[in-house]
Structure formats: C-alpha cells, structure tokens
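Undergrad: Sharing upload-v3.txt, compact mmCIF, C-alpha atoms:
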```txt
# COMPACT_ATOMS: atom_id res chain seq x y z
CA MET A 15 -159.27 -340.98 -122.63
CA ARG A 16 -158.40 -340.47 -118.98
CA ALA A 17 -156.68 -337.32 -117.69
CA SER A 18 -153.30 -339.01 -117.22
CA ASN A 19 -153.27 -339.93 -120.92
CA HIS A 20 -153.91 -336.31 -121.80
CA LEU A 21 -151.01 -335.30 -119.54
CA ILE A 22 -148.63 -337.83 -121.12
CA GLY A 23 -149.66 -336.68 -124.60
CA LEU A 24 -149.05 -333.04 -123.66
CA LEU A 25 -145.63 -333.84 -122.18
CA ASN A 26 -144.63 -335.70 -125.32
CA PHE A 27 -145.74 -332.79 -127.46
CA LEU A 28 -143.61 -330.42 -125.35
CA THR A 29 -140.71 -332.87 -125.59
CA PHE A 30 -141.11 -332.84 -129.37
CA LEU A 31 -140.79 -329.04 -129.31
CA LEU A 32 -137.65 -329.29 -127.15
CA SER A 33 -136.14 -331.72 -129.64
CA ALA A 34 -136.57 -329.06 -132.31
CA VAL A 35 -134.52 -326.67 -130.13
CA ILE A 36 -131.69 -329.23 -129.86
CA LEU A 37 -131.83 -329.90 -133.60
CA GLY A 38 -131.72 -326.17 -134.22
CA GLY A 39 -128.55 -325.92 -132.10
CA GLY A 40 -126.95 -328.73 -134.09
CA ILE A 41 -127.92 -327.14 -137.40
CA TRP A 42 -126.53 -323.78 -136.21
CA LEU A 43 -123.24 -325.47 -135.32
CA SER A 44 -123.30 -327.16 -138.72
CA SER A 45 -123.71 -323.80 -140.49
CA ARG A 46 -120.78 -322.38 -138.52
CA ALA A 47 -118.75 -325.49 -139.34
CA ASN A 48 -119.26 -324.78 -143.03
CA ASN A 49 -118.68 -321.02 -142.85
CA THR A 50 -116.81 -319.97 -139.70
CA ASP A 51 -115.48 -322.60 -137.28
CA CYS A 52 -114.61 -325.08 -140.06
CA LEU A 53 -114.64 -328.16 -137.82
CA LYS A 54 -117.33 -330.39 -139.24
CA PHE A 55 -117.79 -333.32 -136.86
CA LEU A 56 -118.77 -331.65 -133.58
CA GLN A 57 -122.39 -330.92 -134.52
CA TRP A 58 -123.37 -334.50 -135.38
CA PRO A 59 -123.82 -335.87 -131.84
CA LEU A 60 -126.20 -333.00 -131.09
CA ILE A 61 -128.18 -333.55 -134.30
CA VAL A 62 -128.45 -337.30 -133.57
CA ILE A 63 -129.66 -336.66 -130.00
CA GLY A 64 -132.22 -334.11 -131.20
CA ALA A 65 -133.53 -336.45 -133.89
CA ALA A 66 -133.74 -339.36 -131.41
CA ILE A 67 -135.74 -337.24 -128.94
CA MET A 68 -138.09 -336.21 -131.75
CA VAL A 69 -138.75 -339.82 -132.83
CA VAL A 70 -139.16 -341.12 -129.27
CA SER A 71 -141.51 -338.27 -128.30
CA LEU A 72 -143.68 -339.07 -131.32
CA ALA A 73 -143.80 -342.71 -130.19
CA GLY A 74 -144.79 -341.60 -126.70
CA PHE A 75 -147.45 -339.25 -128.10
CA ALA A 76 -148.92 -342.09 -130.17
CA GLY A 77 -148.82 -344.39 -127.15
CA ALA A 78 -150.73 -341.85 -125.07
CA CYS A 79 -153.33 -341.21 -127.76
CA TYR A 80 -154.01 -344.89 -128.49
CA ARG A 81 -153.30 -346.18 -124.97
CA ASN A 82 -150.56 -348.42 -126.34
CA THR A 83 -148.60 -349.74 -123.36
CA PHE A 84 -145.69 -350.97 -125.50
CA LEU A 85 -145.11 -347.53 -127.04
CA MET A 86 -145.24 -345.92 -123.62
CA TRP A 87 -142.67 -348.37 -122.25
CA LEU A 88 -140.51 -347.74 -125.32
CA TYR A 89 -140.78 -343.98 -124.77
CA LEU A 90 -139.77 -344.15 -121.09
CA PHE A 91 -136.98 -346.67 -121.71
CA ALA A 92 -135.45 -344.83 -124.68
CA MET A 93 -135.82 -341.35 -123.14
CA PHE A 94 -133.81 -342.45 -120.09
CA PHE A 95 -130.81 -343.27 -122.27
CA ILE A 96 -131.27 -340.16 -124.42
CA ILE A 97 -131.22 -337.96 -121.32
CA ALA A 98 -128.07 -339.77 -120.17
CA ALA A 99 -126.50 -339.17 -123.60
CA LEU A 100 -127.40 -335.46 -123.46
CA VAL A 101 -125.83 -335.19 -119.99
CA GLY A 102 -122.68 -336.85 -121.34
CA PHE A 103 -122.58 -334.52 -124.33
CA ILE A 104 -122.90 -331.41 -122.15
CA ILE A 105 -120.12 -332.60 -119.82
CA PHE A 106 -117.93 -333.44 -122.81
CA ALA A 107 -118.57 -330.04 -124.43
CA TYR A 108 -117.54 -328.17 -121.30
CA ALA A 109 -114.54 -330.45 -120.67
CA VAL A 110 -112.99 -330.00 -124.13
CA THR A 111 -113.58 -326.22 -124.16
CA ASP A 112 -112.52 -325.57 -120.59
CA LYS A 113 -109.08 -324.03 -121.17
CA GLY A 114 -107.85 -321.12 -123.24
CA SER A 115 -108.94 -317.57 -123.96
CA GLY A 116 -107.67 -314.47 -125.70
CA ARG A 117 -105.05 -312.21 -124.16
CA PRO A 118 -105.55 -308.44 -124.13
CA VAL A 119 -103.03 -306.29 -126.00
CA MET A 120 -102.07 -302.81 -124.84
CA ASN A 121 -103.82 -300.05 -126.82
CA LYS A 122 -105.64 -302.59 -129.00
CA GLY A 123 -109.32 -303.38 -129.25
CA TYR A 124 -108.74 -306.99 -130.24
CA LEU A 125 -107.27 -309.94 -128.36
CA GLU A 126 -104.31 -312.12 -129.28
CA TYR A 127 -104.55 -315.92 -129.19
CA TYR A 128 -101.77 -318.35 -128.25
CA LEU A 129 -101.87 -322.09 -128.83
CA LEU A 130 -99.98 -322.72 -125.58
CA ASP A 131 -103.06 -321.52 -123.68
CA TYR A 132 -105.10 -324.48 -124.96
CA SER A 133 -104.82 -328.18 -124.21
CA GLY A 134 -106.76 -331.41 -124.37
CA TRP A 135 -108.60 -333.49 -126.91
CA LEU A 136 -109.98 -330.62 -129.02
CA LYS A 137 -106.56 -328.99 -129.39
CA ASP A 138 -105.03 -332.30 -130.47
CA ARG A 139 -107.80 -332.66 -133.04
CA VAL A 140 -107.33 -329.16 -134.48
CA VAL A 141 -103.53 -329.27 -134.72
CA ASP A 142 -103.54 -332.68 -136.43
CA ASP A 143 -102.00 -332.12 -139.87
CA ASP A 144 -104.82 -333.80 -141.78
CA TYR A 145 -107.57 -331.97 -139.92
CA TRP A 146 -105.76 -328.64 -140.11
CA ALA A 147 -105.33 -328.97 -143.87
CA ASN A 148 -109.12 -329.24 -144.19
CA ILE A 149 -109.72 -326.40 -141.73
CA ARG A 150 -107.21 -324.16 -143.52
CA SER A 151 -108.90 -324.84 -146.86
CA CYS A 152 -112.29 -324.09 -145.30
CA LEU A 153 -111.04 -320.78 -143.88
CA ARG A 154 -109.75 -319.70 -147.29
CA ASP A 155 -113.02 -320.67 -148.97
CA SER A 156 -115.06 -318.78 -146.36
CA LYS A 157 -113.16 -315.56 -147.29
CA VAL A 158 -113.26 -314.52 -143.64
CA CYS A 159 -110.07 -312.47 -144.10
CA SER A 160 -110.98 -310.79 -147.37
CA LYS A 161 -114.18 -309.53 -145.73
CA MET A 162 -112.16 -307.57 -143.15
CA GLY A 163 -111.47 -304.63 -145.47
CA ARG A 164 -113.11 -301.33 -144.57
CA SER A 165 -113.11 -297.88 -146.06
CA PHE A 166 -114.70 -294.62 -145.05
CA ASN A 167 -115.77 -292.22 -147.81
CA GLY A 168 -113.42 -294.07 -150.15
CA VAL A 169 -110.49 -293.77 -147.71
CA PRO A 170 -109.01 -297.09 -146.48
CA GLU A 171 -109.09 -297.80 -142.78
CA SER A 172 -106.12 -296.34 -140.90
CA PHE A 173 -103.89 -298.29 -138.53
CA GLU A 174 -105.33 -296.44 -135.53
CA MET A 175 -108.88 -297.37 -136.54
CA PHE A 176 -107.87 -300.97 -137.24
CA SER A 177 -106.18 -301.24 -133.83
CA MET A 178 -109.46 -300.39 -132.08
CA ARG A 179 -111.55 -302.98 -133.92
CA LYS A 180 -113.14 -305.91 -132.08
CA LEU A 181 -111.84 -308.70 -134.28
CA SER A 182 -113.21 -312.23 -134.08
CA PRO A 183 -110.76 -314.90 -132.81
CA ILE A 184 -110.25 -316.20 -136.36
CA GLN A 185 -109.73 -312.70 -137.80
CA SER A 186 -107.19 -311.89 -135.10
CA GLY A 187 -105.33 -315.19 -135.29
CA CYS A 188 -105.45 -315.96 -139.02
CA CYS A 189 -105.80 -312.70 -140.95
CA LYS A 190 -103.04 -310.56 -139.44
CA PRO A 191 -99.56 -311.18 -138.02
CA PRO A 192 -99.10 -311.26 -134.23
CA THR A 193 -98.63 -307.80 -132.75
CA ASP A 194 -95.27 -308.84 -131.26
CA CYS A 195 -93.82 -309.16 -134.78
CA GLY A 196 -93.82 -305.38 -135.17
CA PHE A 197 -94.76 -305.40 -138.87
CA VAL A 198 -95.84 -302.12 -140.46
CA TYR A 199 -99.53 -301.83 -141.31
CA VAL A 200 -100.48 -301.30 -144.96
CA ASN A 201 -104.06 -302.58 -144.83
CA GLU A 202 -105.99 -305.19 -142.89
CA THR A 203 -104.31 -308.17 -144.56
CA LEU A 204 -101.15 -306.57 -145.99
CA TRP A 205 -98.19 -305.76 -143.73
CA ASN A 206 -94.69 -304.52 -144.47
CA ILE A 207 -92.28 -307.09 -143.06
CA GLU A 208 -89.24 -304.78 -143.27
CA GLY A 209 -88.47 -303.27 -139.91
CA GLY A 210 -90.25 -306.06 -138.04
CA THR A 211 -88.71 -308.34 -135.49
CA VAL A 212 -88.71 -311.55 -137.58
CA GLY A 213 -86.15 -313.96 -136.13
CA LEU A 214 -85.48 -311.61 -133.22
CA GLY A 215 -88.58 -312.17 -131.13
CA THR A 216 -89.79 -315.29 -129.44
CA ASP A 217 -93.01 -315.59 -131.46
CA THR A 218 -92.52 -318.42 -133.95
CA ASP A 219 -95.48 -317.18 -135.99
CA CYS A 220 -93.61 -314.12 -137.28
CA PRO A 221 -91.70 -315.96 -140.05
CA ARG A 222 -94.89 -317.87 -140.95
CA TRP A 223 -96.74 -314.72 -141.97
CA SER A 224 -97.19 -314.19 -145.71
CA ASN A 225 -98.71 -311.29 -147.63
CA ASP A 226 -99.97 -313.84 -150.13
CA GLN A 227 -103.73 -313.55 -149.64
CA GLN A 228 -104.06 -317.33 -149.97
CA GLN A 229 -101.55 -317.92 -147.16
CA LEU A 230 -101.64 -315.03 -144.65
CA CYS A 231 -101.26 -316.63 -141.18
CA TYR A 232 -103.15 -319.85 -141.90
CA GLN A 233 -100.05 -321.83 -140.90
CA CYS A 234 -99.64 -319.90 -137.65
CA ASP A 235 -100.27 -321.31 -134.20
CA SER A 236 -102.27 -318.15 -133.51
CA CYS A 237 -104.68 -319.19 -136.26
CA LYS A 238 -105.18 -322.60 -134.67
CA ALA A 239 -105.73 -320.91 -131.32
CA GLY A 240 -108.27 -318.56 -132.92
CA VAL A 241 -110.20 -321.52 -134.34
CA LEU A 242 -110.18 -323.19 -130.92
CA ASN A 243 -111.51 -320.07 -129.25
CA SER A 244 -114.21 -319.67 -131.88
CA LEU A 245 -115.26 -323.29 -131.30
CA LYS A 246 -115.29 -322.67 -127.56
CA LYS A 247 -117.67 -319.72 -127.94
CA SER A 248 -119.99 -321.64 -130.26
CA TRP A 249 -120.12 -324.71 -128.04
CA ARG A 250 -120.68 -322.69 -124.86
CA LYS A 251 -123.66 -320.90 -126.42
CA VAL A 252 -125.23 -324.20 -127.47
CA SER A 253 -124.43 -325.85 -124.13
CA VAL A 254 -126.33 -323.17 -122.19
CA ILE A 255 -129.43 -323.94 -124.28
CA ASN A 256 -128.84 -327.68 -123.86
CA ILE A 257 -128.70 -327.36 -120.06
CA VAL A 258 -132.07 -325.58 -120.00
CA VAL A 259 -133.52 -328.23 -122.33
CA LEU A 260 -132.05 -331.01 -120.17
CA ILE A 261 -133.68 -329.65 -117.01
CA LEU A 262 -137.05 -329.47 -118.75
CA LEU A 263 -136.62 -332.98 -120.19
CA VAL A 264 -135.89 -334.43 -116.75
CA ILE A 265 -138.96 -332.69 -115.28
CA PHE A 266 -141.15 -333.96 -118.13
CA TYR A 267 -139.68 -337.45 -117.78
CA VAL A 268 -140.41 -337.65 -114.05
CA ILE A 269 -143.96 -336.40 -114.56
CA GLY A 270 -144.41 -338.84 -117.44
CA CYS A 271 -143.24 -341.76 -115.28
CA ALA A 272 -145.71 -340.78 -112.54
CA ALA A 273 -148.55 -340.45 -115.03
CA PHE A 274 -147.71 -343.80 -116.60
CA ARG A 275 -147.70 -345.51 -113.19
CA ASN A 276 -151.04 -343.91 -112.45
CA ASN A 277 -152.37 -345.32 -115.74
CA LYS A 278 -151.19 -348.80 -114.79
CA ARG A 279 -152.80 -348.50 -111.38
CA ILE A 280 -156.14 -347.49 -112.88
CA ASP A 281 -155.92 -350.30 -115.45
CA ASN A 282 -155.54 -352.74 -112.56
CA ASP A 283 -158.52 -351.16 -110.75
CA GLU A 284 -156.41 -350.11 -107.80
CA PRO A 285 -157.88 -347.25 -105.74
CA TYR A 286 -155.45 -344.43 -105.06
CA GLY A 287 -153.46 -345.04 -101.88
CA GLU A 288 -154.40 -348.72 -101.65
CA ALA A 289 -151.71 -351.30 -102.28
CA ARG A 290 -152.37 -354.47 -104.26
CA MET A 291 -151.53 -356.65 -101.24
CA THR A 292 -154.18 -354.89 -99.22
CA LYS A 293 -156.72 -355.47 -101.96
CA ALA A 294 -155.91 -359.13 -102.13
CA GLN A 295 -156.73 -359.76 -98.48
CA PRO A 296 -160.20 -361.30 -98.07
CA SER A 297 -162.66 -359.39 -95.91
CA ARG A 298 -163.53 -360.91 -92.57
CA ILE A 299 -166.94 -362.51 -92.16
CA GLN A 300 -168.69 -361.02 -89.22
CA LEU A 301 -170.61 -363.48 -87.11
```
Could you express the structure from this file as structure tokens?

TA:
Amino acid sequence: MRASNHLIGLLNFLTFLLSAVILGGGIWLSSRANNTDCLKFLQWPLIVIGAAIMVVSLAGFAGACYRNTFLMWLYLFAMFFIIAALVGFIIFAYAVTDKGSGRPVMNKGYLEYYLLDYSGWLKDRVVDDDYWANIRSCLRDSKVCSKMGRSFNGVPESFEMFSMRKLSPIQSGCCKPPTDCGFVYVNETLWNIEGGTVGLGTDTDCPRWSNDQQQLCYQCDSCKAGVLNSLKKSWRKVSVINIVVLILLVIFYVIGCAAFRNNKRIDNDEPYGEARMTKAQPSRIQL
C-alpha cells in the first residue's frame, strides 16, 4: 500500500476520533436536556452530524485500506456536506444564543434574569405554551429547587448566607421570587409574602410566586429567562469544542483531497510535476 493510502487511512482514523468528540457533546447536551436545561430537541442535530462523520470516516478508512476508489469518492463527497452542515450548526447555535444575560443585584451573589433581555427563535420556542408546559414538568421532576436546601451543623441557611450564593440561572429564576418583590426569607424556597410589594412594583412575576413547592416560580418570566440562559451556557460550551473540531476536520479534508489526487496521479502513471498533456505529446525523432 503506497504512502498516500497510509496517510488517508490515518486521517480517516483521526476523523473517526473527532466524530466521537461531537457525539459526546450531543450526548452531554442530551443529559442536560433530561436533567437541567429541559429542552430536548437541540441536541439531535449535533448527534446526527457526529454519527454521520463516524460512518463516513469508516467508509473512507475502508477505501484507503482496500484502495476502493468509490469509497474514497463517497468519503470526500459526503464529508464536504457534513462540514458545511457543521458550519451551519455552529452559526445557528451562536445566532440563537446571542442575546441575553443575567443582571447583577446589589449585595447579592446571584444574578437576576429578565425575559425582556432575550429575543429570537429560541425565546419564541421556550415561551410557547406547549413547550413550556413540558419544560415546567421537567424542571419539577428534576427537583432542581428542592436540592437548594442547605444547613450547617443542623442550622438552616440564613438569609445573609443565601444572598451570597452563586445560584444557577434556573435556581435564581425558578426557585425563588424576584428580589424586587421584597418578600421575607424563610428558607431557600419558602418566602413570606406579607410585607412584600405584590401589586405595587413593576415586576409581573411577584403575584406569580407560590410557596407551593410544586409551583414556586415555574410560571414566572424569570424562570423562562433562567432556562434560556442555561441553554446559552450549554450551547456556548459545546460550540467552542465544535469550532476546534471543525478546524481540524477542514485541515484533514484538504490533506485527504491532496492525497487522493496524488493516488489518482500515480494510478495513471503520471510523474510528479508532469501534466497529462505533456505526456501525451510524442517525442521528436532526431535525424
């Protein structure tokens, strides 16, 4: 087997390993969709792309090992469109998570999240009544709020200690009332509404808060904003990995194309640097 075949086989093996990284990112998003982010359709494009790269790289590896020209053409043809799909996915992921972030609160360790700060396709998807009903049910089942409770030497966490905690976007938006409501702290998910500013402030989430542990602030806009911010963080982490993988895939693809062309040239008995037209010219007969 000539050296270029070895190179193509090695590149396909490395591509196979990269596909495992993309699949791992999709599976990680899937696990968060089931336990934390609760939006269960975003991971599938990534899983499909990773699986396609894995299958195509295996075809290319087999083509290199057995010098099968059809499999090599299939590999180069399919990988071009897969790379284009990965580019599109990365652009889409950054576009739909471009806007929105938490706002700092004076003398608090956590951030507050407002739905008005977000816009675009992903927001429209999350706030849709049917989707939000499923997300809300998922959040309850994940028990993300019930896991917030802390105690020290049997003593429940004080308000001062709670105020300094670094809460996740979902914990801040869904498991407690907005700070502007002015409710009195009892514990992490129980607040005394008397003395608050319900109906007096401008935050429409204040009357939506419930001390019912199955309701809490799951109907609040702050909860939807917290979910959006959590999705944004998850997607940005995966997108960074995808960009690195994309760069490596493009490099491998270009090298693979060059190696394949070199294979074709050798199969046609063309010396390096000599064009076929030059070869075809008959030599002159010297008299």

Undergrad: Counting only C-alpha atoms, which residue out of A:Gly134, A:Gly74, A:Gly40, A:Gly64 sits closest to Leu21 in chain A?

TA: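 That would be A:Gly74, the residue with the smallest distance to Leu21 in chain A.
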
Undergrad: Range 43-118 of chain A near range 221-240 of chain A within 9 Å: what's each residue's closest atom pair and its distance in Å to one decimal, counting only C-alpha atoms, ordered by chain then ascending residue number, as JSON lines?

TA:
```
{"residue": "A:Gly114", "atom": "CA", "partner": "A:Ala239", "partner_atom": "CA", "distance": 8.4}
{"residue": "A:Ser115", "atom": "CA", "partner": "A:Ala239", "partner_atom": "CA", "distance": 8.7}
{"residue": "A:Gly116", "atom": "CA", "partner": "A:Gly240", "partner_atom": "CA", "distance": 8.3}
```

Undergrad: Could you please determine the separation between CA of Leu28 in chain A and CA of Val69 in chain A in Å, to one decimal place?

TA: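 It comes out at 13.0 Å.
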
Undergrad: Looking at A:Leu88, A:Ile67, A:Cys52, A:Val258, which one is nearest to Val241 in chain A, with distances taken over only C-alpha atoms?

TA: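 Using only C-alpha atoms, Val241 in chain A sits closest to A:Cys52.
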
Undergrad: What is the distance, in Å and to one decimal place, between CA of Val141 in chain A and CA of Ile104 in chain A?

TA: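 Result for CA of Val141 in chain A versus CA of Ile104 in chain A: 23.2 Å, one decimal.
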
Undergrad: Given all atoms listed in the file as the basis, pick out the residue of A:Ile184, A:Val35, A:Val70, A:Met175 nearest to Lys157 in chain A.

TA: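 Residue with the minimum atom-to-atom distance to Lys157 in chain A: A:Ile184.
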
Undergrad: I'd like the contact shell of range 59-61 of chain A - 8 Å cut-off, all atoms listed in the file, skipping same-chain residues fewer than 6 positions apart - returned as JSON, numbers by chain.

TA: {"A": [36, 37, 39, 40, 41, 103]}

Undergrad: Which residues are close to Lys190 in chain A, i.e. within 8 Å by only C-alpha atoms, leaving aside same-chain residues fewer than 2 positions away? Reply as a list in words.

TA: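 These residues fall inside the cut-off: Gln185, Ser186, Gly187, Cys188, Pro192, Glu202, Thr203, Leu204, Trp223, Leu230 and Cys231 of chain A.
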
Undergrad: Please, what distance in Å, to one decimal, runs between CA of Cys195 in chain A and CA of Asp219 in chain A?

TA: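 Calculated distance between CA of Cys195 in chain A and CA of Asp219 in chain A is 8.3 Å.
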
Undergrad: Pick the closest to Val119 in chain A from A:Asn243, A:Trp249, A:Met178, A:Tyr199: which is it, counting all atoms listed in the file?

TA: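 Of A:Asn243, A:Trp249, A:Met178, A:Tyr199, the one nearest Val119 in chain A, counting all atoms listed in the file, is A:Met178.
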
Undergrad: Between A:Leu130, A:Cys189, A:Ala147, A:Ile257, which is the closest to Cys159 in chain A once you count all atoms listed in the file?

TA: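 For Cys159 in chain A, the nearest of the candidates is A:Cys189.
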
Undergrad: Point out the residue among A:Gly38, A:Ile63, A:His20, A:Asn201 with the least atom-to-atom distance to Leu100 in chain A, counting all atoms listed in the file.

TA: A:Ile63

Undergrad: Could you check which residues have any atom within 8 Å of (-109.5, -324.0, -141.6), counting only C-alpha atoms with coordinates taken straight from the file, and then list them as a PyMOL selection string?

TA: chain A and resi 51-53+146-154+232+241
